[in-house]
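Participant: Let me give you the structure first, and then I'll get to my questions.
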Amino acid sequence: MTRLGLILLAGGTSSRFSKKRLKQLLPVFDEPLYLFVLNKLIKTSLFDDIVVVLHPTLLQPKGIKTAFPGKTWIESVQSGYKLIAPEIEKIIVHDAARPFFEERDILRLKAESENFRVVALGSKIRDTLVQIRHNEWTVLDRNDAWEVYTPQLADRKVLDLEFDKTTTDLITHALRHHIQGKILESSPLNIKITYPEDVGLLNKILITS
């Protein structure tokens, strides 16, 4: 059976959320958001190894390996990857700011990884896309455009490949190395807590779930 690892990213600076409060510390059922997400992932029993990337000043999860966050998304992924056990063959990367992932979506990623070396959740762009550059406006074709979310899954060998410093997801990382990935339609509830206004939506989903 394929051994699956997890890198949970919980070390962001929350620059778009608040200067006074880290979003990963938002309370969810009497525990901070990042621990709520971690415990939810642990309960799936899908992972053979787990690394949480977070600031050392935050409460450290018991019995779980932790890594220091980097300055960028990809630096944090690499920091966590260094601690993943060598026998792990495939690795899930997930953002702690997305608390409403569904276990079935992780299972879908795992199943599709038999056909693709990199698989991610995402959703098709549904609104008009306009590119504005030097006061020139261009309407982009949205029919083939996707947003890429986490969780994302990659073969270990893909994570061994050199990363561009601007990389923000594993799909584009794979494309830079001429590896075709796949995006699976995500649950609409798989939102990312990014701005203070998102807290209201977070609470509404928690109440109704």
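We name chains A, B, ... following the order of the structure tokens; residues begin at 1 in each chain, and ligands are numbered from 1 as shown.
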Do you have, as CSV, the list of residues of segment 126-168 of chain A lying at most 9 Å from segment 66-89 of chain A, each with its nearest atom pair and that distance in Å to one decimal, counting only C-alpha atoms and ordered by chain then number?

Facilitator:
```
residue,atom,partner,partner_atom,distance
A:Ala154,CA,A:Glu89,CA,8.9
A:Asp155,CA,A:Glu89,CA,6.2
A:Arg156,CA,A:Glu89,CA,5.4
A:Lys157,CA,A:Glu89,CA,8.3
A:Leu159,CA,A:Tyr81,CA,7.9
A:Phe163,CA,A:Ile74,CA,7.6
A:Asp164,CA,A:Ile74,CA,8.3
A:Lys165,CA,A:Ile74,CA,6.9
A:Thr166,CA,A:Ile74,CA,7.6
A:Thr167,CA,A:Ile74,CA,6.0
A:Thr168,CA,A:Trp73,CA,5.9
```

Participant: Those same residues, written as a compact mmCIF listing (two decimals), in the first residue's frame with N, CA and C atoms?

Facilitator:
```txt
# COMPACT_ATOMS: atom_id res chain seq x y z
N ALA A 154 1.48 15.14 -4.41
CA ALA A 154 2.57 14.95 -5.37
C ALA A 154 3.40 13.74 -5.00
N ASP A 155 3.94 13.09 -6.03
CA ASP A 155 4.94 12.05 -5.80
C ASP A 155 6.16 12.66 -5.13
N ARG A 156 6.83 11.89 -4.33
CA ARG A 156 8.02 12.38 -3.65
C ARG A 156 9.06 12.92 -4.63
N LYS A 157 9.23 12.23 -5.75
CA LYS A 157 10.25 12.65 -6.72
C LYS A 157 9.95 14.03 -7.31
N LEU A 159 8.68 16.51 -5.58
CA LEU A 159 9.14 17.46 -4.57
C LEU A 159 10.66 17.52 -4.50
N PHE A 163 12.79 23.90 -7.17
CA PHE A 163 11.64 24.80 -7.15
C PHE A 163 12.04 26.21 -7.57
N ASP A 164 11.16 26.86 -8.32
CA ASP A 164 11.29 28.29 -8.57
C ASP A 164 10.85 29.03 -7.31
N LYS A 165 11.53 30.12 -6.97
CA LYS A 165 11.24 30.83 -5.73
C LYS A 165 9.84 31.45 -5.70
N THR A 166 9.24 31.63 -6.89
CA THR A 166 7.92 32.25 -6.95
C THR A 166 6.79 31.22 -6.94
N THR A 167 7.13 29.94 -6.84
CA THR A 167 6.12 28.89 -6.89
C THR A 167 5.11 29.01 -5.75
N THR A 168 3.82 28.91 -6.08
CA THR A 168 2.78 28.99 -5.06
C THR A 168 1.86 27.78 -5.06
```

Participant: From segment 43-200 of chain A, collect each residue whose DSSP state is strand (DSSP E or B) and return the set as JSON, numbers by chain.

Facilitator: {"A": [49, 50, 51, 52, 53, 65, 66, 67, 90, 91, 92, 93, 94, 95, 118, 119, 120, 121, 122, 123, 124, 129, 130, 131, 132, 133, 136, 137, 138, 139, 140, 146, 147, 148, 149, 150, 151, 152, 153, 154, 155, 182, 183, 184, 185]}

Participant: Store the residues picked out above in a file with N, CA and C atoms, as a compact mmCIF listing (two decimals), in the first residue's frame.

Facilitator:
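Here's the written file out_37.txt:
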```txt
# COMPACT_ATOMS: atom_id res chain seq x y z
N ASP A 49 2.77 9.73 7.96
CA ASP A 49 3.74 10.66 8.54
C ASP A 49 3.17 12.07 8.39
N ILE A 50 3.35 12.90 9.42
CA ILE A 50 2.79 14.25 9.41
C ILE A 50 3.84 15.25 9.89
N VAL A 51 3.95 16.36 9.17
CA VAL A 51 4.79 17.48 9.59
C VAL A 51 3.94 18.75 9.54
N VAL A 52 3.95 19.51 10.62
CA VAL A 52 3.25 20.79 10.65
C VAL A 52 4.28 21.91 10.59
N VAL A 53 4.10 22.82 9.67
CA VAL A 53 5.00 23.97 9.53
C VAL A 53 4.35 25.15 10.26
N LYS A 65 5.67 16.02 14.33
CA LYS A 65 6.87 16.76 13.94
C LYS A 65 6.49 18.17 13.48
N THR A 66 7.33 19.13 13.81
CA THR A 66 7.09 20.51 13.38
C THR A 66 8.33 21.06 12.70
N ALA A 67 8.10 22.01 11.78
CA ALA A 67 9.18 22.63 11.03
C ALA A 67 8.99 24.14 11.04
N LYS A 90 4.18 9.37 -1.37
CA LYS A 90 3.36 10.47 -1.88
C LYS A 90 3.03 11.41 -0.73
N ILE A 91 2.91 12.70 -1.06
CA ILE A 91 2.78 13.70 -0.01
C ILE A 91 1.64 14.66 -0.32
N ILE A 92 0.78 14.86 0.67
CA ILE A 92 -0.29 15.86 0.60
C ILE A 92 0.23 17.15 1.22
N VAL A 93 0.02 18.26 0.53
CA VAL A 93 0.29 19.59 1.09
C VAL A 93 -1.05 20.29 1.28
N HIS A 94 -1.29 20.77 2.51
CA HIS A 94 -2.56 21.44 2.78
C HIS A 94 -2.32 22.71 3.59
N ASP A 95 -3.16 23.69 3.35
CA ASP A 95 -3.08 24.98 4.02
C ASP A 95 -4.04 24.98 5.20
N VAL A 118 1.07 14.64 -10.04
CA VAL A 118 0.63 15.77 -9.22
C VAL A 118 -0.87 15.97 -9.43
N VAL A 119 -1.60 16.08 -8.33
CA VAL A 119 -3.05 16.29 -8.40
C VAL A 119 -3.43 17.34 -7.36
N ALA A 120 -4.34 18.22 -7.72
CA ALA A 120 -4.77 19.26 -6.79
C ALA A 120 -6.28 19.46 -6.88
N LEU A 121 -6.84 20.02 -5.83
CA LEU A 121 -8.23 20.47 -5.88
C LEU A 121 -8.27 21.88 -6.43
N GLY A 122 -9.39 22.23 -7.01
CA GLY A 122 -9.56 23.58 -7.54
C GLY A 122 -10.98 23.78 -8.01
N SER A 123 -11.21 24.91 -8.64
CA SER A 123 -12.54 25.16 -9.21
C SER A 123 -12.38 26.00 -10.46
N LYS A 124 -13.30 25.79 -11.40
CA LYS A 124 -13.29 26.57 -12.63
C LYS A 124 -13.67 28.02 -12.33
N LEU A 129 -12.93 37.37 -16.47
CA LEU A 129 -11.53 37.64 -16.15
C LEU A 129 -11.02 38.77 -17.03
N VAL A 130 -10.49 39.81 -16.41
CA VAL A 130 -9.94 40.94 -17.15
C VAL A 130 -8.51 41.17 -16.71
N GLN A 131 -7.60 41.24 -17.66
CA GLN A 131 -6.20 41.55 -17.36
C GLN A 131 -5.96 43.02 -17.69
N ILE A 132 -5.42 43.75 -16.71
CA ILE A 132 -5.12 45.17 -16.90
C ILE A 132 -3.62 45.36 -16.75
N ARG A 133 -3.00 45.79 -17.82
CA ARG A 133 -1.55 45.97 -17.82
C ARG A 133 -1.22 47.26 -18.55
N GLU A 136 -3.93 48.93 -20.38
CA GLU A 136 -4.52 48.18 -21.48
C GLU A 136 -5.34 47.02 -20.91
N TRP A 137 -6.59 46.92 -21.34
CA TRP A 137 -7.51 45.93 -20.82
C TRP A 137 -7.68 44.78 -21.81
N THR A 138 -7.57 43.56 -21.29
CA THR A 138 -7.76 42.37 -22.11
C THR A 138 -8.70 41.42 -21.39
N VAL A 139 -9.78 41.02 -22.06
CA VAL A 139 -10.70 40.04 -21.49
C VAL A 139 -10.15 38.65 -21.78
N LEU A 140 -9.91 37.87 -20.73
CA LEU A 140 -9.32 36.54 -20.87
C LEU A 140 -10.42 35.48 -20.96
N TRP A 146 -8.73 27.83 -14.20
CA TRP A 146 -9.03 27.23 -12.90
C TRP A 146 -8.31 27.99 -11.79
N GLU A 147 -8.93 28.03 -10.62
CA GLU A 147 -8.24 28.38 -9.38
C GLU A 147 -7.70 27.08 -8.78
N VAL A 148 -6.49 27.13 -8.24
CA VAL A 148 -5.89 25.94 -7.64
C VAL A 148 -5.92 26.08 -6.12
N TYR A 149 -6.46 25.08 -5.46
CA TYR A 149 -6.59 25.07 -4.00
C TYR A 149 -5.65 24.01 -3.40
N THR A 150 -5.70 23.92 -2.08
CA THR A 150 -5.17 22.74 -1.39
C THR A 150 -6.38 22.03 -0.79
N PRO A 151 -6.23 20.74 -0.47
CA PRO A 151 -5.02 19.92 -0.54
C PRO A 151 -4.56 19.62 -1.95
N GLN A 152 -3.23 19.41 -2.05
CA GLN A 152 -2.57 18.99 -3.28
C GLN A 152 -1.72 17.77 -2.97
N LEU A 153 -1.55 16.91 -3.95
CA LEU A 153 -0.78 15.68 -3.74
C LEU A 153 0.28 15.55 -4.81
N ALA A 154 1.48 15.14 -4.41
CA ALA A 154 2.57 14.95 -5.37
C ALA A 154 3.40 13.74 -5.00
N ASP A 155 3.94 13.09 -6.03
CA ASP A 155 4.94 12.05 -5.80
C ASP A 155 6.16 12.66 -5.13
N LYS A 182 -3.12 17.22 -12.73
CA LYS A 182 -4.57 17.25 -12.92
C LYS A 182 -5.22 18.00 -11.77
N ILE A 183 -6.27 18.77 -12.10
CA ILE A 183 -7.05 19.49 -11.09
C ILE A 183 -8.42 18.86 -10.99
N LEU A 184 -8.83 18.53 -9.78
CA LEU A 184 -10.15 17.95 -9.52
C LEU A 184 -11.06 19.01 -8.92
N GLU A 185 -12.32 19.01 -9.34
CA GLU A 185 -13.28 19.98 -8.82
C GLU A 185 -13.43 19.81 -7.31
```

Participant: As a PyMOL selection string, please: every residue in segment 52-131 of chain A that a backbone DSSP assignment puts in alpha helix (DSSP H).

Facilitator: chain A and resi 73-81+103-112

Participant: Based on the selection just made, write C-alpha atoms of those residues as an mmCIF file, in the first residue's frame.

Facilitator:
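Wrote part.cif, looks like this:
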```cif
data_model
loop_
_atom_site.group_PDB
_atom_site.id
_atom_site.type_symbol
_atom_site.label_atom_id
_atom_site.label_comp_id
_atom_site.auth_asym_id
_atom_site.auth_seq_id
_atom_site.Cartn_x
_atom_site.Cartn_y
_atom_site.Cartn_z
ATOM 1 C CA TRP A 73 4.900 29.307 0.390
ATOM 2 C CA ILE A 74 7.453 27.126 -1.312
ATOM 3 C CA GLU A 75 10.102 27.682 1.367
ATOM 4 C CA SER A 76 7.594 26.463 3.956
ATOM 5 C CA VAL A 77 6.798 23.394 1.857
ATOM 6 C CA GLN A 78 10.505 22.619 1.522
ATOM 7 C CA SER A 79 11.037 23.087 5.260
ATOM 8 C CA GLY A 80 8.322 20.562 6.038
ATOM 9 C CA TYR A 81 9.462 18.173 3.330
ATOM 10 C CA GLU A 103 -12.027 13.410 3.464
ATOM 11 C CA ARG A 104 -13.558 12.114 0.240
ATOM 12 C CA ASP A 105 -11.615 14.764 -1.690
ATOM 13 C CA ILE A 106 -8.342 13.515 -0.221
ATOM 14 C CA LEU A 107 -9.341 10.005 -1.264
ATOM 15 C CA ARG A 108 -10.085 11.308 -4.762
ATOM 16 C CA LEU A 109 -6.634 12.905 -4.929
ATOM 17 C CA LYS A 110 -5.021 9.680 -3.795
ATOM 18 C CA ALA A 111 -6.930 7.615 -6.371
ATOM 19 C CA GLU A 112 -6.117 10.026 -9.208
#
```

Participant: Using Å and a single decimal, report how far atom CA of Asn190 of chain A sits from atom CA of Asp30 of chain A.

Facilitator: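 These atoms are spaced 21.1 Å apart.
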
Participant: Tell me which protein, DNA and RNA residues are within 10 Å of segment 96-101 of chain A, counting only C-alpha atoms, leaving out same-chain ones fewer than 2 positions away, and put them as a ChimeraX atom specification.

Facilitator: /A:7-12,14,23-24,26,28,33-38,40-41,52-54,93-94,103-106,121,149-151,186-194,202,205-206,209

Participant: Can you work out the spacing between atom CA of Arg117 of chain A and atom CA of Leu161 of chain A in Å, to one decimal?

Facilitator: 12.5 Å

Participant: One number please: atom CA of Pro32 of chain A to atom CA of Leu58 of chain A, in Å, one decimal.

Facilitator: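 That distance, rounded to one decimal, is 9.9 Å.
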